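Asks: Mind looking over this structure? Questions follow.
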Amino acid sequence: MLYLIGLGLNEKSLSLEAREAIARCNKIYLEGYTVNFPYDKEKLEEVIKKKIIALKREEVESQKLVKEAKKEEVALLVYGSPLFATTHLTLIMDAKKMKPEVKTKIIYNASVFDAVSESGLQLYKFGKILSMPAWKKNFSPDSFIDSVLDNLSIKAHSLILCDIGLSFSEAIKQFKIAAANKNLKLEKIVVCSSLGTEKSKILYDKVENLISKKIEMPFCLIIPCKEKDLHFTEKEALENL
């Protein structure tokens with residue numbers, strides 16, 4: 001059996017169902033390459049009272065987990081909810097293709113996609129979710145701004161997930177440059193940091209005012225729809241931030 005278990009947003013978020021599944025497993029793996037964890041792996045080990053093996057991307061994307069799950073109970077722990085990354089969905093598909101088929105169980109949890117509603121912006125008004133990669137010397141992709149513009153055209157908010165390892169100051173600089181390249185006129189944006197933890201922080205301000213702010217990982221950016229398109233409750237919530 002292969003369990004894909006959502007960790008939620010902090011080390012205490014594991015559900016009773018998840019704890020019971022982990023107790024049955026011989027091996028506990030952790031996928032840690034898609035997000036900057038707000039806590040150490042050791043803290044999680046204290047909670048579940050078992051050793052956790054951190055996996056690299058190539059190990060998760062290989063047949064390793066599925067093959068082991070043919071013989072024993074195996075769990076893959078994923079920050080937030082387990083199926084937002086396409087890699088994890090591929091694992092389920094690979095398990096179904098095995099002869100005989102490897103049984104799987106998905107145990108869901110809260111994720112940043114739930115928690116951003118704490119900003120006061122209504123979830124059903126979010127458009128396409130975007131990713132901002134860390135720029136390199138000769139590689140500075142800004143196509144994510146095209147999707148921001150598309151979302152604005154349908155009066156939708158944009159959630160931008162920032163690449164693992166990308167600091168807040170660098171993310172804001174990249175965003176400002178990319179927006180200028182695409183003629184995106186910037187109003188105020190929302191910054192969400194460490195949602196669901198004791199260090200949770202949500203800011204709403206102009207980009208130039210945010211650059212100097214100290215924001216810890218993990219964080220994300222939200223580009224709200226134009227002010228005239230905000231619901232009055234959204235406008236009030238943002239003003240309170």
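Order determines the names: the first chain of the structure tokens is A, the second B, and so forth; residues in each chain are numbered 1 upward, and ligands are numbered 1 upward as they are shown.
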If we count only C-alpha atoms and set the cut-off at 12 Å, which residues sit around region 49-66 of chain A, ignoring sequence neighbours fewer than 4 positions away in its own chain? Please answer as number ranges by chain.

Replies: A: 1-4, 19, 22-35, 40-45, 70-78, 85-104

Asks: May I have the selected residues written with C-alpha atoms, as a short mmCIF file (atom, residue, chain, number, x, y, z; two decimals), in the first residue's frame?

Replies:
```cif
data_model
loop_
_atom_site.label_atom_id
_atom_site.label_comp_id
_atom_site.auth_asym_id
_atom_site.auth_seq_id
_atom_site.Cartn_x
_atom_site.Cartn_y
_atom_site.Cartn_z
CA MET A 1 0.00 0.00 0.00
CA LEU A 2 1.21 3.48 -0.88
CA TYR A 3 -0.12 6.36 1.20
CA LEU A 4 0.11 9.95 -0.01
CA ARG A 19 -1.44 9.32 12.14
CA ILE A 22 1.73 6.37 9.44
CA ALA A 23 1.65 3.98 12.40
CA ARG A 24 1.00 1.11 9.97
CA CYS A 25 3.84 2.03 7.60
CA ASN A 26 7.27 0.42 7.52
CA LYS A 27 8.84 3.34 5.67
CA ILE A 28 8.05 7.05 5.91
CA TYR A 29 9.30 9.33 3.16
CA LEU A 30 9.16 13.12 2.86
CA GLU A 31 8.89 15.11 -0.35
CA GLY A 32 10.77 18.31 0.41
CA TYR A 33 11.73 19.78 -2.95
CA THR A 34 8.58 21.71 -3.89
CA VAL A 35 8.33 24.04 -0.90
CA ASP A 40 12.46 21.15 10.57
CA LYS A 41 12.03 17.48 9.64
CA GLU A 42 13.12 16.61 13.19
CA LYS A 43 10.05 18.36 14.62
CA LEU A 44 7.83 16.18 12.47
CA GLU A 45 9.70 13.06 13.57
CA LYS A 70 4.15 -3.72 -3.66
CA LYS A 71 5.76 -5.45 -0.68
CA GLU A 72 5.09 -3.21 2.34
CA GLU A 73 3.20 -0.22 3.71
CA VAL A 74 4.89 2.99 2.51
CA ALA A 75 3.96 6.64 3.14
CA LEU A 76 4.99 9.76 1.25
CA LEU A 77 4.48 12.91 3.31
CA VAL A 78 3.74 16.06 1.34
CA ALA A 85 2.01 18.66 -7.63
CA THR A 86 1.69 16.68 -10.87
CA THR A 87 4.51 14.35 -9.73
CA HIS A 88 2.30 12.99 -6.97
CA LEU A 89 -0.60 12.32 -9.32
CA THR A 90 1.83 10.44 -11.57
CA LEU A 91 2.68 8.19 -8.63
CA ILE A 92 -0.97 7.18 -8.32
CA MET A 93 -1.14 6.44 -12.04
CA ASP A 94 2.07 4.40 -11.92
CA ALA A 95 0.68 2.37 -9.02
CA LYS A 96 -2.47 1.55 -11.02
CA LYS A 97 -0.36 0.35 -13.97
CA MET A 98 1.60 -2.11 -11.85
CA LYS A 99 0.83 -5.83 -12.26
CA PRO A 100 -0.68 -6.58 -9.85
CA GLU A 101 -2.00 -3.09 -9.14
CA VAL A 102 -0.51 -1.38 -6.08
CA LYS A 103 -3.18 -0.06 -3.75
CA THR A 104 -3.03 3.65 -2.90
#
```

Asks: For Leu152 (chain A), please output as a PyMOL selection string all residues within 10 Å (counting only C-alpha atoms; exclusion window: fewer than 2 positions along the same chain).

Replies: chain A and resi 126-127+146-150+154-158+223-226+229

Asks: Mind checking which residues fall within 10 Å of Gln122 (chain A), counting only C-alpha atoms, ignoring those fewer than 2 positions away in the same chain, and posting them as a list in words?

Replies: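 With the cut-off at 10 Å, the set is Val116, Ser117, Glu118, Ser119, Gly120, Tyr124, Lys125, Phe126, Ala156, His157, Leu230, His231, Thr233 and Glu234 of chain A.
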
Asks: Restricting the calculation to only C-alpha atoms, which member of A:Leu14, A:Ala115, A:Leu123, A:Ala178 is positioned closest to Ser194 (chain A)?

Replies: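 Closest candidate: A:Ala115.
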
Asks: Find the spatial neighbours of Ile222 (chain A), counting only C-alpha atoms, within a cut-off of 7 Å - ignore same-chain residues fewer than 4 positions away - and output them as number ranges by chain.

Replies: A: 157-160, 189-191

Asks: Residues as selected, N, CA and C atoms, written as a short mmCIF file (atom, residue, chain, number, x, y, z; two decimals), in the first residue's frame, can you do that?

Replies:
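Result saved to result-v7.cif:
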```cif
data_model
loop_
_atom_site.label_atom_id
_atom_site.label_comp_id
_atom_site.auth_asym_id
_atom_site.auth_seq_id
_atom_site.Cartn_x
_atom_site.Cartn_y
_atom_site.Cartn_z
N HIS A 157 -8.36 37.18 -9.34
CA HIS A 157 -7.12 37.36 -8.59
C HIS A 157 -6.08 36.35 -9.10
N SER A 158 -4.80 36.68 -8.88
CA SER A 158 -3.70 35.78 -9.28
C SER A 158 -2.88 35.38 -8.07
N LEU A 159 -2.74 34.08 -7.87
CA LEU A 159 -1.87 33.54 -6.82
C LEU A 159 -0.55 33.13 -7.46
N ILE A 160 0.56 33.71 -6.98
CA ILE A 160 1.88 33.40 -7.51
C ILE A 160 2.69 32.64 -6.47
N ILE A 189 -0.34 44.91 -3.79
CA ILE A 189 -0.40 43.46 -3.86
C ILE A 189 -0.44 42.88 -2.45
N VAL A 190 -0.77 41.61 -2.36
CA VAL A 190 -0.84 40.92 -1.07
C VAL A 190 0.35 39.97 -0.96
N VAL A 191 0.96 39.93 0.20
CA VAL A 191 2.03 38.97 0.49
C VAL A 191 1.58 38.10 1.66
#
```

Asks: Which residue gives the smallest distance to Ser140 (chain A) among A:Asn109, A:Ser167, A:Ser153, A:Gln174, with only C-alpha atoms counted?

Replies: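 The answer is A:Gln174, which sits nearest to Ser140 (chain A).
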
Asks: Would you mind writing down, as number ranges by chain, each residue of region 5-200 of chain A that DSSP on the backbone assigns to alpha helix (DSSP H)?

Replies: A: 16-24, 41-48, 57-61, 64-69, 86-97, 112-115, 144-153, 168-181

Asks: For Phe37 (chain A), which of A:Pro218, A:Gly6, A:Ala69, A:Leu241 is the closest residue, counting only C-alpha atoms?

Replies: A:Pro218

Asks: Using CA of Leu130 (chain A) and CA of Ala171 (chain A) as the two end points, give the distance in Å to one decimal.

Replies: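 Calculated distance between CA of Leu130 (chain A) and CA of Ala171 (chain A) is 13.4 Å.
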
Asks: Can you check which residues of region 6-227 of chain A DSSP gives as strand (DSSP E) on the backbone and send them as a PyMOL selection string?

Replies: chain A and resi 6+27-31+53-55+74-78+104-107+130-132+158-162+188-193+201-206+219-223

Asks: One decimal, Å: what's the distance from CA of Ala237 (chain A) over to CA of Ile129 (chain A), could you say?

Replies: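 Going from CA of Ala237 (chain A) over to CA of Ile129 (chain A) covers 21.5 Å.
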
Asks: Leu166 (chain A): which residues within 12 Å, counting only C-alpha atoms, same-chain residues fewer than 6 positions away excluded, as a VMD selection string?

Replies: chain A and resid 34 to 36 131 to 136 172 to 175 215 to 220

Asks: Please, what distance in Å, to one decimal, runs between CA of Leu83 (chain A) and CA of Ser111 (chain A)?

Replies: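 Interatomic distance, CA of Leu83 (chain A) to CA of Ser111 (chain A): 10.5 Å.
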
Asks: Using only C-alpha atoms, which of the listed residues (A:Glu46, A:Asn183, A:Asn10, A:Ile211) sits closest to Ser81 (chain A)?

Replies: A:Asn10
